[in-house]
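Shown below: target.cif, with mmCIF, C-alpha atoms.
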data_work
loop_
_atom_site.label_atom_id
_atom_site.label_comp_id
_atom_site.auth_asym_id
_atom_site.auth_seq_id
_atom_site.Cartn_x
_atom_site.Cartn_y
_atom_site.Cartn_z
CA MET S 162 0.00 0.00 0.00
CA PRO S 163 1.45 3.43 -0.93
CA GLY S 164 2.74 5.27 2.13
CA SER S 165 3.13 2.11 4.19
CA GLY S 166 6.33 0.82 5.70
CA ILE S 167 6.65 -1.97 3.17
CA ASP S 168 6.20 0.53 0.32
CA LEU S 169 9.15 2.53 1.66
CA ILE S 170 11.26 -0.63 1.96
CA ALA S 171 10.37 -1.61 -1.62
CA ARG S 172 11.39 1.76 -3.01
CA LEU S 173 14.67 1.79 -1.08
CA LEU S 174 15.46 -1.73 -2.28
CA ALA S 175 14.60 -0.82 -5.87
CA GLU S 176 16.97 2.13 -5.69
CA GLY S 177 19.76 -0.09 -4.38
CA LEU S 178 19.20 -3.14 -6.55
CA SER S 179 18.79 -1.37 -9.91
CA PRO S 180 22.46 -0.29 -10.34
CA ARG S 181 23.76 -3.53 -8.81
CA LEU S 182 21.72 -5.68 -11.18
CA GLY S 183 22.27 -3.39 -14.15
CA GLN S 184 18.55 -3.08 -14.93
CA PRO S 185 15.55 -1.08 -13.75
CA VAL S 186 13.66 -2.44 -10.74
CA MET S 187 10.10 -1.14 -10.67
CA VAL S 188 7.74 -1.18 -7.67
CA GLU S 189 4.14 -2.29 -8.09
CA ASN S 190 1.89 -2.28 -5.03
CA ARG S 191 -0.60 -5.12 -4.55
CA GLY S 192 -1.74 -4.42 -1.01
CA ALA S 193 -5.31 -5.78 -0.96
CA GLY S 194 -6.60 -9.24 -0.12
CA GLY S 195 -4.56 -9.90 3.00
CA MET S 196 -1.35 -10.42 0.94
CA ALA S 197 -3.00 -13.16 -1.13
CA ILE S 198 -3.41 -10.86 -4.15
CA ALA S 199 0.31 -10.07 -4.15
CA GLY S 200 1.13 -13.76 -3.79
CA GLU S 201 -1.14 -14.65 -6.68
CA ALA S 202 0.32 -11.93 -8.93
CA HIS S 203 3.84 -13.15 -8.18
CA ALA S 204 2.93 -16.80 -8.77
CA SER S 205 1.20 -16.08 -12.08
CA ALA S 206 3.95 -13.85 -13.51
CA ARG S 207 6.39 -15.19 -16.08
CA PRO S 208 9.54 -16.69 -14.52
CA GLY S 209 12.13 -14.00 -13.95
CA GLU S 210 9.60 -11.18 -14.31
CA THR S 211 8.98 -10.44 -10.64
CA LEU S 212 10.41 -10.60 -7.16
CA LEU S 213 8.03 -10.45 -4.22
CA LEU S 214 8.63 -8.19 -1.22
CA ALA S 215 6.20 -9.09 1.55
CA PRO S 216 5.90 -9.75 5.26
CA SER S 217 7.15 -13.21 6.15
CA ALA S 218 3.53 -13.88 7.16
CA ILE S 219 2.67 -14.40 3.50
CA ALA S 220 4.42 -17.77 3.80
CA SER S 221 3.87 -18.49 7.50
CA THR S 222 0.47 -17.12 8.53
CA VAL S 223 -1.70 -16.48 5.47
CA PRO S 224 -1.69 -20.16 4.40
CA TYR S 225 -3.43 -21.01 7.69
CA THR S 226 -5.80 -18.03 7.95
CA PHE S 227 -6.90 -17.42 4.35
CA GLU S 228 -10.55 -18.24 3.73
CA GLY S 229 -11.01 -20.40 0.63
CA ARG S 230 -8.42 -21.73 -1.76
CA LEU S 231 -5.07 -19.98 -1.46
CA PRO S 232 -4.20 -18.59 -4.92
CA TYR S 233 -0.49 -19.43 -4.62
CA ASP S 234 1.62 -22.29 -3.32
CA PRO S 235 3.65 -21.03 -0.34
CA GLU S 236 6.16 -23.85 -0.73
CA GLN S 237 6.73 -23.66 -4.49
CA ASP S 238 5.91 -20.08 -5.49
CA LEU S 239 7.69 -18.24 -2.67
CA LEU S 240 11.39 -19.00 -2.87
CA PRO S 241 13.15 -17.44 0.16
CA LEU S 242 15.91 -15.00 -0.81
CA GLY S 243 16.49 -13.13 2.44
CA LEU S 244 15.28 -10.92 5.27
CA VAL S 245 15.49 -7.22 4.49
CA ALA S 246 13.85 -5.31 7.37
CA SER S 247 11.71 -5.53 10.46
CA GLU S 248 8.90 -3.11 11.20
CA PHE S 249 8.32 -2.44 14.89
CA LEU S 250 4.78 -2.96 16.16
CA CYS S 251 3.38 -1.38 19.28
CA LEU S 252 0.35 -1.94 21.48
CA ALA S 253 -1.19 1.50 21.86
CA VAL S 254 -4.21 2.94 23.64
CA THR S 255 -6.10 6.23 23.55
CA ALA S 256 -4.54 9.18 25.33
CA ALA S 257 -7.47 9.14 27.77
CA SER S 258 -6.99 5.50 28.73
CA PRO S 259 -6.09 4.80 32.36
CA ALA S 260 -3.72 2.05 31.16
CA ARG S 261 -0.05 2.97 31.47
CA ASP S 262 1.28 -0.51 30.70
CA VAL S 263 0.06 -3.90 29.49
CA ALA S 264 -1.05 -4.93 32.97
CA GLY S 265 -3.08 -1.72 33.17
CA LEU S 266 -4.90 -2.60 29.95
CA VAL S 267 -5.74 -6.03 31.35
CA ALA S 268 -7.15 -4.40 34.49
CA ALA S 269 -9.16 -1.82 32.53
CA SER S 270 -10.64 -4.51 30.30
CA ARG S 271 -11.63 -6.70 33.23
CA ALA S 272 -13.24 -3.71 34.96
CA ALA S 273 -15.47 -3.00 31.96
CA PRO S 274 -16.16 -6.25 30.03
CA GLY S 275 -17.10 -5.59 26.41
CA ALA S 276 -16.65 -1.83 26.68
CA LEU S 277 -13.17 -1.59 25.15
CA ASN S 278 -12.59 -2.60 21.56
CA TRP S 279 -9.41 -3.22 19.62
CA TYR S 280 -7.74 -3.62 16.24
CA SER S 281 -4.58 -5.41 15.18
CA VAL S 282 -2.61 -5.67 12.00
CA PRO S 283 -3.92 -8.92 10.49
CA GLY S 284 -2.08 -12.19 10.70
CA PHE S 285 0.10 -13.43 13.52
CA MET S 286 -0.36 -10.48 15.90
CA GLU S 287 -4.14 -10.60 15.64
CA LEU S 288 -4.05 -14.29 16.54
CA ALA S 289 -1.55 -13.70 19.34
CA PHE S 290 -3.64 -10.93 20.90
CA ARG S 291 -6.81 -13.01 20.69
CA LEU S 292 -4.93 -15.78 22.48
CA PHE S 293 -3.75 -13.20 25.06
CA LEU S 294 -7.36 -12.08 25.66
CA HIS S 295 -8.47 -15.71 26.03
CA ARG S 296 -5.77 -16.53 28.58
CA HIS S 297 -6.42 -13.38 30.64
CA GLY S 298 -10.22 -13.61 30.61
CA MET S 299 -10.62 -10.30 28.74
CA ASP S 300 -13.79 -9.40 26.80
CA MET S 301 -12.75 -6.92 24.10
CA PRO S 302 -14.60 -6.79 20.74
CA PHE S 303 -12.48 -6.73 17.58
CA VAL S 304 -12.88 -3.97 14.96
CA ALA S 305 -11.62 -4.62 11.43
CA TYR S 306 -9.95 -2.00 9.21
CA ARG S 307 -8.62 -2.11 5.69
CA GLY S 308 -5.32 -0.73 6.92
CA SER S 309 -3.48 0.70 9.91
CA PRO S 310 -3.60 4.41 8.94
CA GLN S 311 -7.38 4.55 9.44
CA ALA S 312 -7.04 2.62 12.71
CA VAL S 313 -4.57 5.24 13.95
CA ILE S 314 -7.07 8.00 13.13
CA ASP S 315 -9.84 6.22 15.03
CA LEU S 316 -7.58 5.45 17.99
CA VAL S 317 -6.67 9.13 18.25
CA ALA S 318 -10.38 10.01 18.10
CA GLY S 319 -11.28 7.38 20.72
CA ARG S 320 -13.51 5.36 18.40
CA ILE S 321 -11.38 2.34 19.28
CA GLN S 322 -9.57 1.98 22.58
CA ALA S 323 -6.54 -0.21 21.81
CA ALA S 324 -4.61 -1.33 18.76
CA ILE S 325 -1.49 -3.19 17.69
CA LEU S 326 0.01 -1.00 14.99
CA PRO S 327 3.19 -0.55 12.96
CA LEU S 328 5.24 2.36 14.21
CA THR S 329 5.49 3.83 10.72
CA PRO S 330 1.91 5.22 10.68
CA ALA S 331 1.60 5.51 14.48
CA LEU S 332 4.90 7.16 15.44
CA ALA S 333 3.81 10.77 14.94
CA ALA S 334 0.67 10.29 17.05
CA VAL S 335 2.70 8.62 19.81
CA ARG S 336 5.26 11.42 19.86
CA GLN S 337 2.51 14.06 19.93
CA GLY S 338 0.79 12.33 22.83
CA SER S 339 -2.38 11.70 20.82
CA ILE S 340 -2.09 7.99 21.64
CA ARG S 341 0.00 6.11 24.22
CA ALA S 342 2.34 3.24 23.34
CA LEU S 343 2.32 0.60 26.08
CA ALA S 344 4.90 -1.81 24.65
CA THR S 345 6.55 -2.88 21.42
CA THR S 346 6.49 -6.48 20.22
CA SER S 347 10.10 -6.89 19.10
CA ARG S 348 12.91 -8.49 21.08
CA LEU S 349 14.74 -5.16 21.26
CA ARG S 350 13.36 -1.74 22.12
CA ALA S 351 12.53 0.45 19.14
CA PRO S 352 15.26 3.09 18.68
CA SER S 353 12.56 5.64 17.85
CA LEU S 354 10.78 4.93 21.19
CA PRO S 355 13.61 3.97 23.57
CA ASP S 356 11.52 4.56 26.69
CA VAL S 357 8.78 2.12 25.66
CA SER S 358 9.29 -1.40 27.01
CA THR S 359 9.17 -4.59 24.98
CA MET S 360 6.45 -7.18 25.53
CA VAL S 361 8.96 -9.43 27.29
CA GLU S 362 9.89 -6.60 29.64
CA ALA S 363 6.16 -5.96 30.18
CA ALA S 364 5.66 -9.60 31.27
CA ALA S 365 3.66 -10.40 28.12
CA PRO S 366 5.98 -12.79 26.24
CA GLY S 367 3.04 -14.24 24.32
CA LEU S 368 2.84 -10.94 22.44
CA ALA S 369 6.52 -10.87 21.50
CA TYR S 370 6.93 -10.86 17.73
CA ASP S 371 9.39 -9.55 15.15
CA PRO S 372 7.44 -8.65 11.98
CA PHE S 373 10.02 -9.35 9.31
CA THR S 374 9.82 -8.15 5.74
CA ALA S 375 11.32 -10.59 3.26
CA LEU S 376 12.24 -10.94 -0.40
CA PHE S 377 11.08 -13.97 -2.37
CA GLY S 378 12.08 -15.30 -5.76
CA TRP S 379 10.01 -17.18 -8.31
CA ARG S 380 9.20 -20.87 -8.76
CA GLY S 381 12.17 -22.69 -10.30
CA MET S 382 14.58 -19.76 -9.91
CA PRO S 383 17.96 -21.00 -11.22
CA PRO S 384 20.87 -21.21 -8.74
CA GLY S 385 22.85 -18.66 -10.76
CA ALA S 386 20.05 -16.11 -10.54
CA ARG S 387 19.70 -16.75 -6.82
CA GLU S 388 23.42 -16.19 -6.25
CA ARG S 389 23.42 -12.98 -8.29
CA MET S 390 20.39 -11.67 -6.41
CA ALA S 391 21.88 -12.66 -3.05
CA ALA S 392 25.04 -10.68 -3.83
CA ALA S 393 23.10 -7.60 -4.96
CA LEU S 394 20.80 -7.84 -1.95
CA SER S 395 23.67 -8.19 0.51
CA ASP S 396 25.43 -5.19 -0.98
CA THR S 397 22.25 -3.08 -0.82
CA LEU S 398 21.45 -4.05 2.75
CA GLY S 399 25.00 -3.23 3.80
CA ASP S 400 24.63 0.40 2.70
CA PRO S 401 24.46 2.62 5.83
CA ALA S 402 22.10 4.99 4.02
CA TYR S 403 19.53 2.18 3.71
CA ALA S 404 19.60 1.51 7.46
CA ALA S 405 19.44 5.23 8.29
CA ARG S 406 16.41 5.91 6.12
CA LEU S 407 14.56 2.94 7.56
CA GLY S 408 15.46 3.95 11.12
CA ASN S 409 14.07 7.44 10.58
CA SER S 410 10.73 5.85 9.69
CA GLY S 411 10.54 3.60 12.74
CA MET S 412 11.88 0.45 11.09
CA GLN S 413 15.10 -1.54 11.37
CA ALA S 414 17.29 -2.89 8.59
CA GLN S 415 17.92 -6.64 8.58
CA ALA S 416 20.36 -8.70 6.54
CA GLY S 417 19.28 -12.29 6.85
CA SER S 418 20.12 -15.10 4.43
CA ALA S 419 17.68 -17.35 2.61
CA LEU S 420 18.27 -19.95 5.33
CA ALA S 421 17.51 -17.42 8.07
CA LEU S 422 14.26 -16.49 6.33
CA ALA S 423 13.28 -20.15 6.02
CA GLU S 424 13.90 -20.63 9.75
CA VAL S 425 11.76 -17.58 10.61
CA ILE S 426 8.91 -18.92 8.46
CA ALA S 427 9.07 -22.34 10.14
CA MET S 428 9.03 -20.78 13.62
CA GLN S 429 6.11 -18.50 12.81
CA ARG S 430 4.11 -21.36 11.30
CA SER S 431 4.47 -23.29 14.54
CA GLN S 432 3.26 -20.30 16.59
CA VAL S 433 0.28 -19.70 14.28
CA GLN S 434 -0.82 -23.32 14.49
CA THR S 435 -0.66 -23.20 18.30
CA ALA S 436 -2.85 -20.08 18.39
CA LEU S 437 -5.37 -21.51 15.92
CA ARG S 438 -5.69 -24.71 17.92
CA THR S 439 -6.54 -22.65 21.01
CA VAL S 440 -8.80 -19.81 19.77
CA GLY S 441 -9.66 -20.90 16.23
CA PRO S 442 -9.99 -18.62 13.19
CA ARG S 443 -11.68 -15.24 13.40
CA ARG S 444 -15.44 -15.50 12.88
CA ALA S 445 -17.11 -13.17 10.41
CA GLY S 446 -19.21 -10.46 12.04
#

Let me see whether you can do it: turn the structure in this file into structure tokens.
Amino acid sequence: MPGSGIDLIARLLAEGLSPRLGQPVMVENRGAGGMAIAGEAHASARPGETLLLAPSAIASTVPYTFEGRLPYDPEQDLLPLGLVASEFLCLAVTAASPARDVAGLVAASRAAPGALNWYSVPGFMELAFRLFLHRHGMDMPFVAYRGSPQAVIDLVAGRIQAAILPLTPALAAVRQGSIRALATTSRLRAPSLPDVSTMVEAAAPGLAYDPFTALFGWRGMPPGARERMAAALSDTLGDPAYAARLGNSGMQAQAGSALALAEVIAMQRSQVQTALRTVGPRRAG
């Protein structure tokens, strides 16, 4: 989606990869359909025509949460090339909320069952928070949005009371005091919000999650093409300017190999299956 964190990552990568590959690298956004539309477009393109930049959830979470027949094969159509970035997520509440930390949100929810509602970026974090609510006996209705920017607007206005959001669209509101960040999901504190604790520090390890953005190749990608892309990708990710521009937008550069990406996908799949066995898929309505 234009203006999103992943759109910025895509444009920075395109700038870096184009001269290193000796050919133009164009960015085409396919943000609808819970990532399935982008996966389908990549799978149906001619071999060598596209690379896919997407959250790792496209291979780890969407295959288990997509309703209907998945329009791509996550094993065959999404060839791991590497990790390129991680986008910090935060659990935030309205500025008027009495909650000052995660425990405070639990207490506020228990004091007013059904009165507080919430939103989460779809995928793993939505499942993880639903599991968190289940385990803490919290009654909080879910509100769906097409994207995080609108959820930020409604959180500022108090139309929703809590949300798990990427820092990219939420950072300005947090810094202005329009909303309050209770904790970030990543293992390390976000450099842009150094005073905000992590979920592990907040005694909520079940909400710990690193939302990685990854680059995927096409079905049957030849070894030579993979090696050439790996070299260009490594060189791009090693550029300090890339890391600096991401950091200024609330994200963190990563430089993980194809093997590291495959390991992340396997770990996330295991976590998703555990959550689904406990709380099941989201029900319509």

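Restricting the calculation to only C-alpha atoms, the smallest distance between Arg348 (chain S) and any of S:Ala312, S:Met299, S:Leu250, S:Ala391 is found for S:Leu250.
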
Once you count only C-alpha atoms, what closest atom pair and distance in Å to one decimal does each residue of region 307-408 of chain S within 12 Å of region 194-206 of chain S have, with rows by chain and rising residue number, as JSON lines?
{"residue": "S:Arg307", "atom": "CA", "partner": "S:Gly195", "partner_atom": "CA", "distance": 9.2}
{"residue": "S:Gly308", "atom": "CA", "partner": "S:Gly195", "partner_atom": "CA", "distance": 10.0}
{"residue": "S:Leu376", "atom": "CA", "partner": "S:His203", "partner_atom": "CA", "distance": 11.7}
{"residue": "S:Phe377", "atom": "CA", "partner": "S:His203", "partner_atom": "CA", "distance": 9.3}
{"residue": "S:Gly378", "atom": "CA", "partner": "S:His203", "partner_atom": "CA", "distance": 8.9}
{"residue": "S:Trp379", "atom": "CA", "partner": "S:Ala204", "partner_atom": "CA", "distance": 7.1}
{"residue": "S:Arg380", "atom": "CA", "partner": "S:Ala204", "partner_atom": "CA", "distance": 7.5}
{"residue": "S:Gly381", "atom": "CA", "partner": "S:Ala204", "partner_atom": "CA", "distance": 11.1}

Can I get the selection written as a PDB file, in the coordinates of the input, with C-alpha atoms?
ATOM      1  CA  ARG S 307      -8.620  -2.110   5.690  1.00  0.00           C
ATOM      2  CA  GLY S 308      -5.320  -0.730   6.920  1.00  0.00           C
ATOM      3  CA  LEU S 376      12.240 -10.940  -0.400  1.00  0.00           C
ATOM      4  CA  PHE S 377      11.080 -13.970  -2.370  1.00  0.00           C
ATOM      5  CA  GLY S 378      12.080 -15.300  -5.760  1.00  0.00           C
ATOM      6  CA  TRP S 379      10.010 -17.180  -8.310  1.00  0.00           C
ATOM      7  CA  ARG S 380       9.200 -20.870  -8.760  1.00  0.00           C
ATOM      8  CA  GLY S 381      12.170 -22.690 -10.300  1.00  0.00           C
TER       9      GLY S 381
END

- Item | Nearest to Pro224 (chain S), chosen from S:Ser258, S:Ala272, S:Asp400, S:Glu236, with all atoms listed in the file counted in the distances | S:Glu236

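Proximity of S:Ile219, S:Ala257, S:Ala402, S:Met286 to Leu231 (chain S), computed with all atoms listed in the file, is greatest for S:Ile219.
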
- Message: Applying the PyMOL selection byres ((chain S and resi 319) around 12) to the file I just gave you, which residues come out? Please list them as a VMD selection string.
- Response: chain S and resid 253 to 258 277 to 279 312 to 318 320 to 324 339 to 341

Produce a file of the selected residues containing C-alpha atoms, as a PDB file, in the coordinates of the input.
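That gives us selection_28.pdb:
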ATOM      1  CA  ALA S 253      -1.190   1.500  21.860  1.00  0.00           C
ATOM      2  CA  VAL S 254      -4.210   2.940  23.640  1.00  0.00           C
ATOM      3  CA  THR S 255      -6.100   6.230  23.550  1.00  0.00           C
ATOM      4  CA  ALA S 256      -4.540   9.180  25.330  1.00  0.00           C
ATOM      5  CA  ALA S 257      -7.470   9.140  27.770  1.00  0.00           C
ATOM      6  CA  SER S 258      -6.990   5.500  28.730  1.00  0.00           C
ATOM      7  CA  LEU S 277     -13.170  -1.590  25.150  1.00  0.00           C
ATOM      8  CA  ASN S 278     -12.590  -2.600  21.560  1.00  0.00           C
ATOM      9  CA  TRP S 279      -9.410  -3.220  19.620  1.00  0.00           C
ATOM     10  CA  ALA S 312      -7.040   2.620  12.710  1.00  0.00           C
ATOM     11  CA  VAL S 313      -4.570   5.240  13.950  1.00  0.00           C
ATOM     12  CA  ILE S 314      -7.070   8.000  13.130  1.00  0.00           C
ATOM     13  CA  ASP S 315      -9.840   6.220  15.030  1.00  0.00           C
ATOM     14  CA  LEU S 316      -7.580   5.450  17.990  1.00  0.00           C
ATOM     15  CA  VAL S 317      -6.670   9.130  18.250  1.00  0.00           C
ATOM     16  CA  ALA S 318     -10.380  10.010  18.100  1.00  0.00           C
ATOM     17  CA  ARG S 320     -13.510   5.360  18.400  1.00  0.00           C
ATOM     18  CA  ILE S 321     -11.380   2.340  19.280  1.00  0.00           C
ATOM     19  CA  GLN S 322      -9.570   1.980  22.580  1.00  0.00           C
ATOM     20  CA  ALA S 323      -6.540  -0.210  21.810  1.00  0.00           C
ATOM     21  CA  ALA S 324      -4.610  -1.330  18.760  1.00  0.00           C
ATOM     22  CA  SER S 339      -2.380  11.700  20.820  1.00  0.00           C
ATOM     23  CA  ILE S 340      -2.090   7.990  21.640  1.00  0.00           C
ATOM     24  CA  ARG S 341       0.000   6.110  24.220  1.00  0.00           C
TER      25      ARG S 341
END

- Just so the selection is clear, what residues does the PyMOL selection byres ((chain S and resi 217) around 6) cover here, as a ChimeraX atom specification? /S:216,218-220,373-375

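Using all atoms listed in the file, the smallest distance between any of S:Gly399, S:Gly265, S:Gly243, S:Pro283 and Thr226 (chain S) comes from S:Pro283.
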
- Item | Polymer residues at most 10 Å from Ala414 (chain S), only C-alpha atoms, same-chain spacing of 2 or more positions, as a ChimeraX atom specification | /S:170,244-248,373-374,398-401,403-408,412,416-417

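Comparing the minimum interatomic distances between Val361 (chain S) and each of S:Val263, S:Val304, S:Ala331, S:Ile325, counting only C-alpha atoms, we find that S:Val263 sits nearest.
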
- Query: Hey, can you check how far CA of Thr222 (chain S) sits from CA of Ser358 (chain S)?
  - Reply: 25.8 Å

Residues near Phe249 (chain S), anyone? I mean within 8 Å using only C-alpha atoms, not counting same-chain ones fewer than 3 positions away, as a tab-separated table (two decimals) with C-alpha atoms, in the coordinates of the input.
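As written to disk, out-v7.tsv reads:
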chain	number	residue	atom	x	y	z
S	327	PRO	CA	3.19	-0.55	12.96
S	328	LEU	CA	5.24	2.36	14.21
S	345	THR	CA	6.55	-2.88	21.42
S	346	THR	CA	6.49	-6.48	20.22
S	347	SER	CA	10.10	-6.89	19.10
S	351	ALA	CA	12.53	0.45	19.14
S	371	ASP	CA	9.39	-9.55	15.15
S	372	PRO	CA	7.44	-8.65	11.98
S	411	GLY	CA	10.54	3.60	12.74
S	412	MET	CA	11.88	0.45	11.09
S	413	GLN	CA	15.10	-1.54	11.37

Reconstructed region 231-244 of chain S, atom set N, CA and C atoms, as a PDB file, keeping the file's coordinate frame:
ATOM      1  N   LEU S 231      -6.183 -20.914  -1.356  1.00  0.00           N
ATOM      2  CA  LEU S 231      -5.070 -19.980  -1.460  1.00  0.00           C
ATOM      3  C   LEU S 231      -4.606 -19.900  -2.916  1.00  0.00           C
ATOM      4  N   PRO S 232      -4.512 -18.696  -3.486  1.00  0.00           N
ATOM      5  CA  PRO S 232      -4.200 -18.590  -4.920  1.00  0.00           C
ATOM      6  C   PRO S 232      -2.709 -18.687  -5.262  1.00  0.00           C
ATOM      7  N   TYR S 233      -1.899 -19.178  -4.339  1.00  0.00           N
ATOM      8  CA  TYR S 233      -0.490 -19.430  -4.620  1.00  0.00           C
ATOM      9  C   TYR S 233      -0.038 -20.572  -3.733  1.00  0.00           C
ATOM     10  N   ASP S 234       1.065 -21.195  -4.102  1.00  0.00           N
ATOM     11  CA  ASP S 234       1.620 -22.290  -3.320  1.00  0.00           C
ATOM     12  C   ASP S 234       2.768 -21.736  -2.477  1.00  0.00           C
ATOM     13  N   PRO S 235       2.610 -21.645  -1.158  1.00  0.00           N
ATOM     14  CA  PRO S 235       3.650 -21.030  -0.340  1.00  0.00           C
ATOM     15  C   PRO S 235       4.972 -21.786  -0.355  1.00  0.00           C
ATOM     16  N   GLU S 236       4.933 -23.064  -0.694  1.00  0.00           N
ATOM     17  CA  GLU S 236       6.160 -23.850  -0.730  1.00  0.00           C
ATOM     18  C   GLU S 236       6.894 -23.706  -2.063  1.00  0.00           C
ATOM     19  N   GLN S 237       6.134 -23.657  -3.163  1.00  0.00           N
ATOM     20  CA  GLN S 237       6.730 -23.660  -4.490  1.00  0.00           C
ATOM     21  C   GLN S 237       6.883 -22.260  -5.104  1.00  0.00           C
ATOM     22  N   ASP S 238       5.918 -21.383  -4.825  1.00  0.00           N
ATOM     23  CA  ASP S 238       5.910 -20.080  -5.490  1.00  0.00           C
ATOM     24  C   ASP S 238       6.688 -18.997  -4.746  1.00  0.00           C
ATOM     25  N   LEU S 239       6.994 -19.241  -3.472  1.00  0.00           N
ATOM     26  CA  LEU S 239       7.690 -18.240  -2.670  1.00  0.00           C
ATOM     27  C   LEU S 239       9.063 -18.777  -2.282  1.00  0.00           C
ATOM     28  N   LEU S 240      10.037 -18.514  -3.110  1.00  0.00           N
ATOM     29  CA  LEU S 240      11.390 -19.000  -2.870  1.00  0.00           C
ATOM     30  C   LEU S 240      12.133 -18.012  -1.974  1.00  0.00           C
ATOM     31  N   PRO S 241      12.492 -18.384  -0.744  1.00  0.00           N
ATOM     32  CA  PRO S 241      13.150 -17.440   0.160  1.00  0.00           C
ATOM     33  C   PRO S 241      14.488 -16.943  -0.397  1.00  0.00           C
ATOM     34  N   LEU S 242      14.645 -15.614  -0.398  1.00  0.00           N
ATOM     35  CA  LEU S 242      15.910 -15.000  -0.810  1.00  0.00           C
ATOM     36  C   LEU S 242      16.614 -14.325   0.364  1.00  0.00           C
ATOM     37  N   GLY S 243      15.839 -13.751   1.287  1.00  0.00           N
ATOM     38  CA  GLY S 243      16.490 -13.130   2.440  1.00  0.00           C
ATOM     39  C   GLY S 243      15.568 -12.208   3.201  1.00  0.00           C
ATOM     40  N   LEU S 244      15.944 -11.918   4.440  1.00  0.00           N
ATOM     41  CA  LEU S 244      15.280 -10.920   5.270  1.00  0.00           C
ATOM     42  C   LEU S 244      15.853  -9.555   4.931  1.00  0.00           C
TER      43      LEU S 244
END
